[in-house]
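Peer 1: Take this structure first; my questions come after.
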Amino acid sequence: MLRGFGNFLIKELKELIRDPKILLGMIIVPLVMFPVLGGIMSFSVKSAQENAGKMTMLVINHDGGQGSTVFMSNLSQTITIYNVTASNVTDAIPLMPEYNATMIMEIPAAFSQNVANNTPVEVKIYSVFAGVSMFESMGSSLIDGLIANYNRDLAPNVVRTNKSVIIKGELFENVDPMQLSGLMLSQAIAMPITIMILLSYSMQIAATSVAMEKEEKTLETLLTLPMDRFAILAGKLSGSVIIAGVGALAYMFGFNYYMGSLTSIGTSGAGLDLAKLGLVPSLFGYLLLGVSLFVTLLSALALAVILSAFAEDVRGAQSLVGYVYPFLFVPSLALMYVDFNTLPFVLKVVLFAIPFSQPIIASKSVIMGDYLTAGLGIAYVAAFTLAIMYVASRLFATEKILTAKLRFKGLRDRRKVPVESSE
Amino acid sequence: MSTAIEAVDVHKDFGNIHALDGLNLNVKTGEIFGLIGPNGAGKTTALRIVSTLLLPSSGLVKVFGTEVVEHAMEVRRFITYLPEEAGVYRNLSGAEYLEFMAKFASNENGEVQKMVDEAAQICGLGDRLKDRAKEYSKGMKRRLLVARALMSRPRLAVLDEPTGGLDVLHSYHVREIIKNYVQQHGVTVLLSSHNMLEVEHLCGRVALMNRGKIVAEGEPRGLIDKFGSTNLEEVFAKVVGLA
């Protein structure tokens, strides 16, 4: 056991937990924000669905035949329709407030005749565009659905499809690949976001924690205490891992609620059991994923510690850590939507070379049973982590942790300027 | 009297800056030794090397016979260091801070509590020790830090400007504590100060530093007499050729 590690770790945890910024930003906000966001989304979708059900549409019927009467009767089973007398849509628009209508449909004169002859006929639909929201098109989609049902009733023997998927060489019948892909995408988005947040939060914590020792002038005292210098580094890393872990749990709990709010109201992926389809990682897969995440987290934290050692204060440390963020965000955002294996070779190499890509690559590859890719990634990150940890431990073992500073002017000049106290 | 600190021809360079330029120092066990000099004289660098914070570029430094570079961890076991601009952890209470520090000096709970009680007595913060340090004034923090440096009764306390930032009354209080500790517990103290009056009253021996080396050394009274001056400030001015 490193001398002084336990005592130092307890101090670190007390300091971090009692810091209002960390408590608020890492634990309370994710716990509150996502459920609130999920609640708002759920409420919005439900109210949009209810409004769509209660939708009122004005109909200008230029036809008046049996066909259009049946057509309107079909529609009126789902939505409220009013037949209005108007020569064109311009005349009907002023009537909309009176009926509280949000759509107008114009049925052409030869509608019934065309339907009877199986000739294509066009009905015009005008929707009120009231604002920018993801549910704005819901009314229009509803009408499309109703018209599709009407068409199917007219011609019930049209070609229909029965979709199945083949996963890892095994056939799964009656599984719509579109639904499956939608469900997998929602899962594929959650993991990179979680990893991105976990890494960026923990890097911030580690950098802040080291920089605070400098800013508050406690580092000098610490370095003269009879404790292993590596215990300081280990204490900083462990404290950050623990707090970031709690933060990630809070985040995942909140995010899970948020996703649950969405999937409970949506239809995408309904009835699909990913475990039955073999699309969840095996126990070994989970183990690989955990190892990948842990070594990546360690490398990110050690990198943050190194960078913050060159900063004079917390703000400087956070700015320096900010330079690493593109390497967190780019792979997360890229791998959210694309499959690593389908990328061109050069892009594959670039993404693989970024250590922070590895847990995301691993999260996808273990699902597909590709343990080699995950294993290679772990080996690569482990080597990177060892190198970074070695640099960090050397930094703490020498006076550099106290004297090294990086000036931003120097950074612009692309050269490092060590500034030492000469008092 | 045995030697507490021995420094022989110590140099310390920061790039092109020669912070120490052949420092020779001999501090005896149980004495209060003061380093005085202007800003940039090398006082803090000397204290930091003795405290194992910085490595000398060349030369030899021993604390109670233990070499500070090769056996830094061993040296850290019997010294405490109070930096000039030391701070305390904002989100720990004064009592928690003292306990955290005491646990590096002892693993026994009884010992730790004894040290914390002693520190509480030294700093005189009373119930305010329960408050978080971010609520402390600069003077309160300094008293807490001085108490921390002395509570474990180290063999050597290295104090950089121990009364820096304190008002007259608190400075007096801290000086009395340091004096008493040396008398009662045989603690050796190496301190630096800008305040020559303070050094004159507190230190058994002083060394005047200028441009990284010691330019005069001895008992304050002896130096004053030797240079025909009325105080150490005058002595210093004469030594560096300002008067």
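All residue names refer to the structure tokens as shown: chains lettered A, B, ... in order, residues numbered from 1 in each chain, ligands numbered from 1 in order.
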At a cut-off of 10 Å, which residues of chain A touch chain B? Count only C-alpha atoms and give the answer as an MDAnalysis selection string.
Peer 2: chainID A and resid 3:4 7:8 10:12 14:20 212:229 398:403 418:423
Peer 1: Hey, what's within 10 Å of Ser106 of chain B if we count only C-alpha atoms and toss same-chain stuff fewer than 6 positions away? As a list in words, please?
Peer 2: Val112, Gln113, Met115 and Ser152 of chain B
Peer 1: Write the selection just made, keeping C-alpha atoms, as a PDB file, in the first residue's frame?
Peer 2:
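Result file again10.pdb:
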```pdb
ATOM      1  CA  VAL B 112      -3.282  12.122  16.157  1.00  0.00           C
ATOM      2  CA  GLN B 113      -5.835  13.546  18.615  1.00  0.00           C
ATOM      3  CA  MET B 115      -1.482  16.642  17.942  1.00  0.00           C
ATOM      4  CA  SER B 152       3.907  17.086  15.473  1.00  0.00           C
TER       5      SER B 152
END
```
Peer 1: When you count only C-alpha atoms, which of these residues is closest to Leu25 of chain B: B:Ala237, B:Leu223, B:Leu169, B:Leu190?
Peer 2: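 Distance minimum relative to Leu25 of chain B lands on B:Leu190.
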Peer 1: Point out the residue among A:Pro344, A:Gly139, A:Gly25, A:Pro97 with the least atom-to-atom distance to Ile79 of chain A, counting only C-alpha atoms.
Peer 2: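 Closest candidate: A:Gly139.
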Peer 1: Report the distance between atom CA of Gly139 of chain B and atom CA of Arg315 of chain A in Å, rounded to one decimal place.
Peer 2: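 If I compute the distance from atom CA of Gly139 of chain B to atom CA of Arg315 of chain A, I get 26.2 Å.
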Peer 1: I need the residue nearest Lys114 of chain B from this list: B:Lys28, B:Arg175, B:Arg153, B:Arg221. Use only C-alpha atoms for the distance.
Peer 2: B:Arg153
Peer 1: Can you tell me, as a list of chain:residue names, what residues are no more than 7 Å from segment 386-395 of chain A when counting only C-alpha atoms, ignoring any on the same chain fewer than 4 positions away?
Peer 2: A:Phe230, A:Leu233, A:Ser299, A:Ala302, A:Leu303, A:Val305, A:Ile306, A:Ala382, A:Lys400, A:Ile401
